[in-house]
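Undergrad: Please read through the structure below; I'll follow up with questions.
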Amino acid sequence: MKRKILYILYFYLLVSFLFSFSDVNNEKIIENLKNKSISLIEGENFELALDLYLKILEFEKNIYSDNSIQLAHTYDQIADLYIKLDNQSAALSYVKKSINIYEKNMLQPKEKLLSSLKDISIIYENQNQYDLLDKSEKLIKSLENINDLYSIKDIFVEIDNLNQTKEDTAFQFIDLAQSYRYRGLYSQSAENFSKSLDLKNSNLDFKYYYDLILEDTTYNQEMINAFEFIAEIDSSFYGSYFYLSLLHKQIGNHNQYMEYMDKYIKYSDNNEKALYLKAIDHFEKHNYIESLFIFQQILINNKNSLFARVMTAKSLFALNSFENAIEAFKIVLVNDPYNLESRYHLGISYIHSDKYNAAIEELTQVLLLYPDYKDTYYYLGYSYLMINDENKAKESLNRVILNNPDNGDAHYLLGTIYENILNEDKAISSYNNSIKYSPENLDAYKKLGLIFYNQEEYRDAMEYLRKYIIHNPDSTNILNTLGDIFIKEKRYQEVVDTYYKLININGDNIDYYNYIADAYSNLKDYENSKRVYYKINELDSLNINSYIKLGEIALQENNYNQAINLFLYATEYSNDSIDLLYALALAYGESELFLQSAITFQHILDLYPDNPEINYQLAVIYKEMNLHILAISHFNKYLYFYGEDPMAFYFLGESYLKIEDYHNAKLAFEKSHKLNSGDYRTLFYLGLVSQELSNYESAAKSYKKAIRINSDHSLSHYNLGISYLELGKKREAQKKLDILFMLDKTLYDSLNVRINSF
């Protein structure tokens, strides 16, 4: 410690001594000081190194010119030290100074500028200024790709963009407002929305805010209350009237919409957004001349407003001034060639101006951009007819729109065509349109339902087919389809109802009864299920499936003898059915007739030797019969195919433990624990195996882990106490007595005797 203090004192004295010289041109002194500072930085004495560099900077300012690269290097070093000291603000000013120097020395290696830009990126990242970070990283990427020194000058044009614009600030306010709103802080949200709108010189236009409000319907009433509160307490936030106007418009409160629109127009001094509000209101009231006049006012002051140009064109269109509308829509498309609505209206304007070839060109472009846009096919077909191209007219009109774009039957026919060419998405759209415009056309419901059924979208299919079957209750095809849907969706009561309807229509049908009986079983209504299976027996006494199902119900009802008898009866007619034999073997097992169960499973295995599941069941039965060597053999055969089954490894470990093969037991329990680390029983057995192997330390660890999972497991506490005794930790063992006293008096007495006799 003393040595460190002397070391620091030495550098302070050295600095004081050297800086006492009057010869400021002594660059060697500065170089020596920089070398000394390297030692300080390597020793992480950043504060002392920073002090030294600040002193060096004072000298260098007297030696070098303001634009000297040497000064930039020192600025960079000081910035690096401030970053290391987590002083981002101080670092930022020095990085900017170095960037300015590098900018004025463009012919210097670009790596110098890259270094500074990377420093400024670190600062912006640490300050969470991600927009500025993105800009600086783009500059870095651009600079890294520059190999021609003369092109470096272009990069500095982008450097100015590191400063925030009004638009950036507006976005920040909006982001804050959205964040506050989602967190339920509606007043703060309203305040930030208003601040964003009220910013002078922001480039965010009316349409941005218009869509922002009208497309998001969440928290409407809460935001209305918040904006009203803001407007009441501070009239300077007049932007709140703008939001209130549109929010009330969105929910259909016309009077409040108009009231707040007038307030915003008044307090905003009739700014551009206020003009938009008035113009949109006139347009929606079909006052097209008034709206056109206001949109023209906006364009006089803001020629770049694409939204105003679109609305101007639409106003001219609504006024039937098609020649003027054509010119207006063409101006829109020069600026935004993908403006679908404008291109569509341009095409129709050409039709109204008898310019059909031009209309075809525009409407074709619409279809290329959006194949089903509104009634484009109708107008395209109409245009082809006007130039006597009947074949192309038919392509557009004979499938969808004859003379009425809302003709539901035409949409239905279009749907059948699309369905035939396997374009199901368009078929769905067409059938939906048919339902919309001709709801009495029930075949559209059926067709749409069957498409969804084939796509396995069963809930959608169910919606449309139910509508169809209400009006066509005897349609056996649709009833069958609905029955299958109900089965797949596990709507078992509806399965019962549907197939009984089919039985009423078609008479007795074993398949229908099977569906009904299975549905009752799934509803746990075993009495009705048995009744239906007995009905199947009446219709077909050799129907083996019904006996198997009745046996399975008997198993569910714990009537094992009846289950065995039913399964045995069935085997008289089918003695090689794996499902039947499997059910019989399980019934024997549930009845604790383990030998019969083992014989049956072995018979299945003889018939189907490649079935791992049978090996597993045989292993479980042999384990119950204490035939552990046989159990081990079959568990291993099963695990060869299913090596990720933790319970199989657990049972395997128990069998190894029973035959005192502790090494293999340990391996099996470890594998089980790896696959299922939350099973305290596996940990208990791992402890037991370690205990048998006299590894009491390992045993104690396993018991403690088991107790952490299940603190009420008395055997873990008991055996942990025994392990403590073996480890000579009698006091720890005695602590287990208190716990065992509450959990298991027998184990308490046993451990107490062991402790007292130890």
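Order determines the names: the first chain of the structure tokens is A, the second B, and so forth; residues in each chain are numbered 1 upward, and ligands are numbered 1 upward as they are shown.
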Excluding A:Asn506 and its own-chain neighbours fewer than 3 positions away, which residues fall within 12 Å of it when counting only C-alpha atoms? Please give them as a PDB file with all heavy atoms, in the first residue's frame.
TA:
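Listed below is the output, part-v2.pdb:
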ATOM      1  N   ASP A 474     -81.680 -32.445 -43.159  1.00  0.00           N
ATOM      2  CA  ASP A 474     -81.616 -33.829 -43.623  1.00  0.00           C
ATOM      3  C   ASP A 474     -80.419 -34.097 -44.526  1.00  0.00           C
ATOM      4  O   ASP A 474     -80.360 -35.161 -45.172  1.00  0.00           O
ATOM      5  CB  ASP A 474     -82.906 -34.191 -44.372  1.00  0.00           C
ATOM      6  CG  ASP A 474     -84.129 -34.167 -43.456  1.00  0.00           C
ATOM      7  OD1 ASP A 474     -83.929 -34.354 -42.233  1.00  0.00           O
ATOM      8  OD2 ASP A 474     -85.239 -33.947 -43.952  1.00  0.00           O
ATOM      9  N   SER A 475     -79.492 -33.176 -44.597  1.00  0.00           N
ATOM     10  CA  SER A 475     -78.316 -33.378 -45.448  1.00  0.00           C
ATOM     11  C   SER A 475     -77.344 -34.325 -44.746  1.00  0.00           C
ATOM     12  O   SER A 475     -76.582 -33.924 -43.858  1.00  0.00           O
ATOM     13  CB  SER A 475     -77.638 -32.039 -45.743  1.00  0.00           C
ATOM     14  OG  SER A 475     -76.430 -32.236 -46.442  1.00  0.00           O
ATOM     15  N   THR A 476     -77.379 -35.597 -45.157  1.00  0.00           N
ATOM     16  CA  THR A 476     -76.549 -36.589 -44.466  1.00  0.00           C
ATOM     17  C   THR A 476     -75.053 -36.334 -44.684  1.00  0.00           C
ATOM     18  O   THR A 476     -74.241 -36.600 -43.791  1.00  0.00           O
ATOM     19  CB  THR A 476     -76.903 -38.008 -44.954  1.00  0.00           C
ATOM     20  OG1 THR A 476     -76.757 -38.067 -46.375  1.00  0.00           O
ATOM     21  CG2 THR A 476     -78.341 -38.361 -44.588  1.00  0.00           C
ATOM     22  N   ASN A 477     -74.687 -35.808 -45.838  1.00  0.00           N
ATOM     23  CA  ASN A 477     -73.270 -35.537 -46.112  1.00  0.00           C
ATOM     24  C   ASN A 477     -72.712 -34.506 -45.137  1.00  0.00           C
ATOM     25  O   ASN A 477     -71.641 -34.693 -44.534  1.00  0.00           O
ATOM     26  CB  ASN A 477     -73.103 -35.056 -47.556  1.00  0.00           C
ATOM     27  CG  ASN A 477     -71.655 -34.715 -47.869  1.00  0.00           C
ATOM     28  OD1 ASN A 477     -70.749 -35.480 -47.563  1.00  0.00           O
ATOM     29  ND2 ASN A 477     -71.433 -33.562 -48.468  1.00  0.00           N
ATOM     30  N   LEU A 479     -74.123 -33.594 -42.261  1.00  0.00           N
ATOM     31  CA  LEU A 479     -74.201 -34.118 -40.895  1.00  0.00           C
ATOM     32  C   LEU A 479     -73.012 -35.023 -40.592  1.00  0.00           C
ATOM     33  O   LEU A 479     -72.427 -34.965 -39.504  1.00  0.00           O
ATOM     34  CB  LEU A 479     -75.510 -34.881 -40.694  1.00  0.00           C
ATOM     35  CG  LEU A 479     -76.766 -34.030 -40.459  1.00  0.00           C
ATOM     36  CD1 LEU A 479     -78.011 -34.905 -40.475  1.00  0.00           C
ATOM     37  CD2 LEU A 479     -76.665 -33.275 -39.126  1.00  0.00           C
ATOM     38  N   ASN A 480     -72.636 -35.845 -41.539  1.00  0.00           N
ATOM     39  CA  ASN A 480     -71.454 -36.697 -41.349  1.00  0.00           C
ATOM     40  C   ASN A 480     -70.189 -35.862 -41.165  1.00  0.00           C
ATOM     41  O   ASN A 480     -69.340 -36.156 -40.320  1.00  0.00           O
ATOM     42  CB  ASN A 480     -71.288 -37.629 -42.558  1.00  0.00           C
ATOM     43  CG  ASN A 480     -72.006 -38.958 -42.363  1.00  0.00           C
ATOM     44  OD1 ASN A 480     -71.721 -39.693 -41.418  1.00  0.00           O
ATOM     45  ND2 ASN A 480     -72.948 -39.258 -43.245  1.00  0.00           N
ATOM     46  N   TYR A 499     -75.021 -37.796 -34.531  1.00  0.00           N
ATOM     47  CA  TYR A 499     -75.153 -39.158 -35.061  1.00  0.00           C
ATOM     48  C   TYR A 499     -76.513 -39.767 -34.750  1.00  0.00           C
ATOM     49  O   TYR A 499     -76.988 -40.644 -35.501  1.00  0.00           O
ATOM     50  CB  TYR A 499     -73.999 -40.032 -34.565  1.00  0.00           C
ATOM     51  CG  TYR A 499     -72.725 -39.708 -35.313  1.00  0.00           C
ATOM     52  CD1 TYR A 499     -71.689 -39.014 -34.700  1.00  0.00           C
ATOM     53  CD2 TYR A 499     -72.576 -40.060 -36.656  1.00  0.00           C
ATOM     54  CE1 TYR A 499     -70.528 -38.689 -35.400  1.00  0.00           C
ATOM     55  CE2 TYR A 499     -71.424 -39.745 -37.353  1.00  0.00           C
ATOM     56  CZ  TYR A 499     -70.401 -39.055 -36.726  1.00  0.00           C
ATOM     57  OH  TYR A 499     -69.269 -38.736 -37.433  1.00  0.00           O
ATOM     58  N   TYR A 500     -77.187 -39.305 -33.689  1.00  0.00           N
ATOM     59  CA  TYR A 500     -78.573 -39.749 -33.496  1.00  0.00           C
ATOM     60  C   TYR A 500     -79.471 -39.188 -34.595  1.00  0.00           C
ATOM     61  O   TYR A 500     -80.420 -39.847 -35.052  1.00  0.00           O
ATOM     62  CB  TYR A 500     -79.082 -39.327 -32.120  1.00  0.00           C
ATOM     63  CG  TYR A 500     -78.848 -40.388 -31.053  1.00  0.00           C
ATOM     64  CD1 TYR A 500     -78.281 -40.061 -29.834  1.00  0.00           C
ATOM     65  CD2 TYR A 500     -79.226 -41.711 -31.268  1.00  0.00           C
ATOM     66  CE1 TYR A 500     -78.065 -41.030 -28.856  1.00  0.00           C
ATOM     67  CE2 TYR A 500     -79.018 -42.688 -30.303  1.00  0.00           C
ATOM     68  CZ  TYR A 500     -78.438 -42.346 -29.096  1.00  0.00           C
ATOM     69  OH  TYR A 500     -78.229 -43.313 -28.138  1.00  0.00           O
ATOM     70  N   LYS A 501     -79.166 -37.938 -35.046  1.00  0.00           N
ATOM     71  CA  LYS A 501     -79.929 -37.384 -36.170  1.00  0.00           C
ATOM     72  C   LYS A 501     -79.729 -38.237 -37.412  1.00  0.00           C
ATOM     73  O   LYS A 501     -80.679 -38.522 -38.159  1.00  0.00           O
ATOM     74  CB  LYS A 501     -79.475 -35.946 -36.450  1.00  0.00           C
ATOM     75  CG  LYS A 501     -79.939 -34.925 -35.430  1.00  0.00           C
ATOM     76  CD  LYS A 501     -79.419 -33.535 -35.785  1.00  0.00           C
ATOM     77  CE  LYS A 501     -79.807 -32.514 -34.714  1.00  0.00           C
ATOM     78  NZ  LYS A 501     -79.238 -31.166 -35.013  1.00  0.00           N
ATOM     79  N   LEU A 502     -78.495 -38.671 -37.644  1.00  0.00           N
ATOM     80  CA  LEU A 502     -78.214 -39.509 -38.810  1.00  0.00           C
ATOM     81  C   LEU A 502     -78.910 -40.861 -38.706  1.00  0.00           C
ATOM     82  O   LEU A 502     -79.389 -41.414 -39.707  1.00  0.00           O
ATOM     83  CB  LEU A 502     -76.701 -39.693 -38.960  1.00  0.00           C
ATOM     84  CG  LEU A 502     -75.963 -38.495 -39.571  1.00  0.00           C
ATOM     85  CD1 LEU A 502     -74.465 -38.602 -39.335  1.00  0.00           C
ATOM     86  CD2 LEU A 502     -76.266 -38.393 -41.069  1.00  0.00           C
ATOM     87  N   ILE A 503     -78.981 -41.399 -37.487  1.00  0.00           N
ATOM     88  CA  ILE A 503     -79.696 -42.674 -37.286  1.00  0.00           C
ATOM     89  C   ILE A 503     -81.179 -42.491 -37.565  1.00  0.00           C
ATOM     90  O   ILE A 503     -81.829 -43.363 -38.176  1.00  0.00           O
ATOM     91  CB  ILE A 503     -79.444 -43.209 -35.858  1.00  0.00           C
ATOM     92  CG1 ILE A 503     -77.999 -43.704 -35.740  1.00  0.00           C
ATOM     93  CG2 ILE A 503     -80.424 -44.322 -35.510  1.00  0.00           C
ATOM     94  CD1 ILE A 503     -77.573 -44.020 -34.329  1.00  0.00           C
ATOM     95  N   ASN A 509     -77.057 -47.896 -37.730  1.00  0.00           N
ATOM     96  CA  ASN A 509     -75.756 -47.921 -38.393  1.00  0.00           C
ATOM     97  C   ASN A 509     -74.699 -48.131 -37.313  1.00  0.00           C
ATOM     98  O   ASN A 509     -74.580 -47.316 -36.385  1.00  0.00           O
ATOM     99  CB  ASN A 509     -75.517 -46.605 -39.145  1.00  0.00           C
ATOM    100  CG  ASN A 509     -74.211 -46.587 -39.908  1.00  0.00           C
ATOM    101  OD1 ASN A 509     -73.135 -46.708 -39.331  1.00  0.00           O
ATOM    102  ND2 ASN A 509     -74.299 -46.415 -41.219  1.00  0.00           N
ATOM    103  N   ILE A 510     -73.969 -49.238 -37.405  1.00  0.00           N
ATOM    104  CA  ILE A 510     -73.010 -49.584 -36.344  1.00  0.00           C
ATOM    105  C   ILE A 510     -71.947 -48.503 -36.178  1.00  0.00           C
ATOM    106  O   ILE A 510     -71.552 -48.177 -35.054  1.00  0.00           O
ATOM    107  CB  ILE A 510     -72.370 -50.962 -36.642  1.00  0.00           C
ATOM    108  CG1 ILE A 510     -73.412 -52.066 -36.408  1.00  0.00           C
ATOM    109  CG2 ILE A 510     -71.137 -51.197 -35.769  1.00  0.00           C
ATOM    110  CD1 ILE A 510     -72.916 -53.465 -36.729  1.00  0.00           C
ATOM    111  N   ASP A 511     -71.480 -47.921 -37.288  1.00  0.00           N
ATOM    112  CA  ASP A 511     -70.472 -46.851 -37.182  1.00  0.00           C
ATOM    113  C   ASP A 511     -71.010 -45.668 -36.381  1.00  0.00           C
ATOM    114  O   ASP A 511     -70.316 -45.110 -35.521  1.00  0.00           O
ATOM    115  CB  ASP A 511     -70.046 -46.378 -38.570  1.00  0.00           C
ATOM    116  CG  ASP A 511     -69.186 -47.408 -39.287  1.00  0.00           C
ATOM    117  OD1 ASP A 511     -68.556 -48.239 -38.590  1.00  0.00           O
ATOM    118  OD2 ASP A 511     -69.136 -47.384 -40.530  1.00  0.00           O
ATOM    119  N   TYR A 512     -72.276 -45.291 -36.668  1.00  0.00           N
ATOM    120  CA  TYR A 512     -72.872 -44.174 -35.928  1.00  0.00           C
ATOM    121  C   TYR A 512     -72.956 -44.505 -34.439  1.00  0.00           C
ATOM    122  O   TYR A 512     -72.644 -43.674 -33.584  1.00  0.00           O
ATOM    123  CB  TYR A 512     -74.268 -43.860 -36.462  1.00  0.00           C
ATOM    124  CG  TYR A 512     -74.314 -43.355 -37.888  1.00  0.00           C
ATOM    125  CD1 TYR A 512     -75.509 -43.394 -38.619  1.00  0.00           C
ATOM    126  CD2 TYR A 512     -73.175 -42.853 -38.510  1.00  0.00           C
ATOM    127  CE1 TYR A 512     -75.573 -42.936 -39.928  1.00  0.00           C
ATOM    128  CE2 TYR A 512     -73.229 -42.395 -39.824  1.00  0.00           C
ATOM    129  CZ  TYR A 512     -74.421 -42.439 -40.525  1.00  0.00           C
ATOM    130  OH  TYR A 512     -74.478 -41.988 -41.821  1.00  0.00           O
TER     131      TYR A 512
END
Undergrad: Kindly give the distance, in Å, that separates atom CA of A:Arg459 and atom CA of A:His411, rounded to a single decimal.
TA: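 We find that atom CA of A:Arg459 and atom CA of A:His411 lie 23.4 Å from each other.
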Undergrad: Mind pulling up the distance from atom CA of A:Ser93 to atom CA of A:Leu114?
TA: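 Between atom CA of A:Leu114 and atom CA of A:Ser93 the gap is 16.6 Å.
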Undergrad: Find the residues around stretch 339-343 of chain A up to 8 Å (only C-alpha atoms counted), leave out those fewer than 4 positions away in its own chain, and share them as a ChimeraX atom specification.
TA: /A:310,329,332-333,347,362-363,365-366,369
Undergrad: Using only C-alpha atoms, which residues sit within 8 Å of A:Lys446 once same-chain residues fewer than 6 positions away are excluded, as a list in words?
TA: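 Within the cut-off, the hits are Tyr464, Leu465, Tyr468 and Ile478 of chain A.
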Undergrad: Filtering to N, CA, C and O atoms, could you give me those residues as a PDB file, in the first residue's frame?
TA:
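New file selection-v7.pdb:
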ATOM      1  N   TYR A 464     -69.686 -22.373 -40.459  1.00  0.00           N
ATOM      2  CA  TYR A 464     -70.443 -22.261 -41.708  1.00  0.00           C
ATOM      3  C   TYR A 464     -71.352 -23.468 -41.937  1.00  0.00           C
ATOM      4  O   TYR A 464     -72.481 -23.315 -42.426  1.00  0.00           O
ATOM      5  N   LEU A 465     -70.900 -24.665 -41.586  1.00  0.00           N
ATOM      6  CA  LEU A 465     -71.729 -25.851 -41.816  1.00  0.00           C
ATOM      7  C   LEU A 465     -72.931 -25.899 -40.881  1.00  0.00           C
ATOM      8  O   LEU A 465     -73.994 -26.419 -41.248  1.00  0.00           O
ATOM      9  N   TYR A 468     -75.554 -23.887 -42.447  1.00  0.00           N
ATOM     10  CA  TYR A 468     -76.162 -24.621 -43.561  1.00  0.00           C
ATOM     11  C   TYR A 468     -77.132 -25.677 -43.054  1.00  0.00           C
ATOM     12  O   TYR A 468     -78.250 -25.817 -43.576  1.00  0.00           O
ATOM     13  N   ILE A 478     -73.462 -33.416 -44.947  1.00  0.00           N
ATOM     14  CA  ILE A 478     -72.988 -32.355 -44.053  1.00  0.00           C
ATOM     15  C   ILE A 478     -73.075 -32.806 -42.601  1.00  0.00           C
ATOM     16  O   ILE A 478     -72.201 -32.482 -41.785  1.00  0.00           O
TER      17      ILE A 478
END
Undergrad: Quick one: pull the distance between atom CA of A:Lys104 and atom CA of A:Phe59, Å, one decimal.
TA: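 Atom CA of A:Phe59 lies at a distance of 21.8 Å from atom CA of A:Lys104.
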Undergrad: As a ChimeraX atom specification, which residues of stretch 437-592 of chain A does DSSP assign to helix (DSSP H, G or I)?
TA: /A:437,442-454,458-471,476-488,492-506,510-522,526-539,544-556,560-571,578-590
Undergrad: Using only C-alpha atoms, which residues sit within 9 Å of A:Ser68 once same-chain residues fewer than 5 positions away are excluded, as a list in words?
TA: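 Counting only the stated atoms, we get His73, Ile101, Tyr102 and Asn105 of chain A.
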Undergrad: Would you output that residue set with C-alpha atoms, as an mmCIF file, in the first residue's frame?
TA:
data_model
loop_
_atom_site.group_PDB
_atom_site.id
_atom_site.type_symbol
_atom_site.label_atom_id
_atom_site.label_comp_id
_atom_site.auth_asym_id
_atom_site.auth_seq_id
_atom_site.Cartn_x
_atom_site.Cartn_y
_atom_site.Cartn_z
ATOM 1 C CA HIS A 73 -5.193 11.918 -30.351
ATOM 2 C CA ILE A 101 -10.255 17.785 -36.221
ATOM 3 C CA TYR A 102 -10.383 14.601 -38.285
ATOM 4 C CA ASN A 105 -7.817 16.619 -41.926
#
Undergrad: Write out as a PyMOL selection string the residues lying within 8 Å of A:Tyr582, counting only C-alpha atoms and excluding same-chain residues fewer than 3 positions away.
TA: chain A and resi 578-579+585-586+600-601+604
Undergrad: Go ahead and dump the residues you just picked, N, CA, C and O atoms, as a compact mmCIF listing (two decimals), in the first residue's frame.
TA:
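Contents of the output file again-v6.txt:
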# COMPACT_ATOMS: atom_id res chain seq x y z
N ILE A 578 -53.93 -57.20 -31.22
CA ILE A 578 -53.04 -56.64 -30.20
C ILE A 578 -53.80 -55.75 -29.22
O ILE A 578 -53.52 -55.75 -28.02
N ASP A 579 -54.79 -55.00 -29.73
CA ASP A 579 -55.57 -54.13 -28.84
C ASP A 579 -56.33 -54.95 -27.81
O ASP A 579 -56.38 -54.59 -26.62
N ALA A 585 -54.34 -58.15 -20.90
CA ALA A 585 -53.15 -58.19 -20.04
C ALA A 585 -53.21 -57.11 -18.97
O ALA A 585 -52.86 -57.35 -17.80
N LEU A 586 -53.65 -55.91 -19.36
CA LEU A 586 -53.78 -54.83 -18.37
C LEU A 586 -54.83 -55.18 -17.32
O LEU A 586 -54.65 -54.88 -16.13
N THR A 600 -49.91 -63.26 -20.97
CA THR A 600 -50.60 -62.58 -22.07
C THR A 600 -49.67 -61.61 -22.79
O THR A 600 -49.62 -61.58 -24.04
N PHE A 601 -48.91 -60.83 -22.02
CA PHE A 601 -47.96 -59.90 -22.65
C PHE A 601 -46.88 -60.67 -23.44
O PHE A 601 -46.46 -60.23 -24.51
N ILE A 604 -48.33 -61.63 -26.68
CA ILE A 604 -48.34 -60.48 -27.61
C ILE A 604 -46.94 -60.28 -28.19
O ILE A 604 -46.77 -60.04 -29.39
Undergrad: Kindly indicate which residue among A:Asn454, A:Gln493, A:Asn253, A:Ser434 lies nearest to A:Thr481, using only C-alpha atoms for the distances.
TA: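 Of all the options, A:Asn454 lies closest to A:Thr481.
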Undergrad: Show me, as a CSV table (one decimal) with all heavy atoms, in the first residue's frame, the residues that have an atom within 12 Å of A:His254 when counting only C-alpha atoms, minus same-chain residues fewer than 5 positions from it.
TA:
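Dumped to around_14.csv:
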chain,number,residue,atom,x,y,z
A,244,LEU,N,-58.8,14.8,-29.1
A,244,LEU,CA,-60.2,14.6,-28.6
A,244,LEU,C,-61.2,14.6,-29.7
A,244,LEU,O,-62.1,13.8,-29.8
A,244,LEU,CB,-60.5,15.7,-27.6
A,244,LEU,CG,-60.0,15.5,-26.2
A,244,LEU,CD1,-60.1,16.8,-25.4
A,244,LEU,CD2,-60.6,14.4,-25.5
A,245,SER,N,-60.9,15.5,-30.7
A,245,SER,CA,-61.8,15.5,-31.9
A,245,SER,C,-61.9,14.2,-32.6
A,245,SER,O,-62.9,13.6,-32.8
A,245,SER,CB,-61.4,16.6,-32.8
A,245,SER,OG,-62.1,16.6,-34.0
A,246,LEU,N,-60.7,13.7,-32.9
A,246,LEU,CA,-60.6,12.4,-33.7
A,246,LEU,C,-61.1,11.2,-32.8
A,246,LEU,O,-61.7,10.3,-33.4
A,246,LEU,CB,-59.2,12.2,-34.2
A,246,LEU,CG,-58.8,13.2,-35.3
A,246,LEU,CD1,-57.4,12.9,-35.8
A,246,LEU,CD2,-59.7,13.2,-36.5
A,247,LEU,N,-60.7,11.2,-31.5
A,247,LEU,CA,-61.2,10.1,-30.7
A,247,LEU,C,-62.7,10.0,-30.6
A,247,LEU,O,-63.3,8.9,-30.6
A,247,LEU,CB,-60.6,10.2,-29.3
A,247,LEU,CG,-59.1,9.9,-29.1
A,247,LEU,CD1,-58.5,10.4,-27.8
A,247,LEU,CD2,-58.8,8.4,-29.3
A,248,HIS,N,-63.3,11.2,-30.5
A,248,HIS,CA,-64.8,11.2,-30.5
A,248,HIS,C,-65.4,10.8,-31.8
A,248,HIS,O,-66.4,10.1,-31.9
A,248,HIS,CB,-65.3,12.6,-30.0
A,248,HIS,CG,-65.3,12.8,-28.5
A,248,HIS,ND1,-66.1,12.1,-27.7
A,248,HIS,CD2,-64.5,13.6,-27.8
A,248,HIS,CE1,-65.8,12.4,-26.4
A,248,HIS,NE2,-64.9,13.4,-26.5
A,249,LYS,N,-64.7,11.2,-32.9
A,249,LYS,CA,-65.1,10.8,-34.2
A,249,LYS,C,-65.1,9.3,-34.3
A,249,LYS,O,-66.0,8.6,-34.9
A,249,LYS,CB,-64.2,11.4,-35.3
A,249,LYS,CG,-64.5,11.0,-36.7
A,249,LYS,CD,-63.5,11.6,-37.7
A,249,LYS,CE,-63.8,11.1,-39.1
A,249,LYS,NZ,-62.9,11.7,-40.1
A,259,GLU,N,-67.2,19.8,-31.7
A,259,GLU,CA,-66.8,20.8,-30.6
A,259,GLU,C,-65.3,20.9,-30.5
A,259,GLU,O,-64.7,22.0,-30.4
A,259,GLU,CB,-67.5,20.4,-29.3
A,259,GLU,CG,-67.1,21.3,-28.1
A,259,GLU,CD,-67.6,20.7,-26.8
A,259,GLU,OE1,-68.5,19.8,-26.8
A,259,GLU,OE2,-67.1,21.2,-25.8
A,260,TYR,N,-64.7,19.8,-30.3
A,260,TYR,CA,-63.2,19.8,-30.1
A,260,TYR,C,-62.5,20.2,-31.4
A,260,TYR,O,-61.4,20.8,-31.3
A,260,TYR,CB,-62.7,18.4,-29.6
A,260,TYR,CG,-63.1,18.2,-28.1
A,260,TYR,CD1,-64.0,17.2,-27.8
A,260,TYR,CD2,-62.6,19.0,-27.2
A,260,TYR,CE1,-64.3,17.0,-26.4
A,260,TYR,CE2,-62.9,18.9,-25.8
A,260,TYR,CZ,-63.8,17.9,-25.5
A,260,TYR,OH,-64.1,17.7,-24.1
A,261,MET,N,-63.0,19.9,-32.6
A,261,MET,CA,-62.4,20.3,-33.8
A,261,MET,C,-62.4,21.8,-33.9
A,261,MET,O,-61.4,22.4,-34.2
A,261,MET,CB,-63.1,19.7,-35.0
A,261,MET,CG,-62.5,20.1,-36.3
A,261,MET,SD,-63.4,19.4,-37.8
A,261,MET,CE,-64.8,20.6,-37.8
A,281,ASP,N,-63.6,16.9,-42.7
A,281,ASP,CA,-65.0,17.0,-42.3
A,281,ASP,C,-65.9,17.4,-43.5
A,281,ASP,O,-66.9,16.8,-43.7
A,281,ASP,CB,-65.1,18.0,-41.2
A,281,ASP,CG,-66.5,18.1,-40.6
A,281,ASP,OD1,-67.1,17.1,-40.2
A,281,ASP,OD2,-67.1,19.2,-40.7
A,285,LYS,N,-68.8,15.0,-45.3
A,285,LYS,CA,-70.2,15.5,-45.4
A,285,LYS,C,-70.6,15.7,-46.9
A,285,LYS,O,-71.6,16.3,-47.2
A,285,LYS,CB,-70.3,16.8,-44.7
A,285,LYS,CG,-70.2,16.6,-43.1
A,285,LYS,CD,-70.3,17.9,-42.4
A,285,LYS,CE,-70.2,17.7,-40.9
A,285,LYS,NZ,-70.2,19.0,-40.2
Undergrad: For A:Val753, which of A:Ser591, A:Gln734, A:Thr571, A:Gln256 is the closest residue, counting only C-alpha atoms?
TA: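 Checking each candidate against A:Val753, we get A:Gln734 as the closest.
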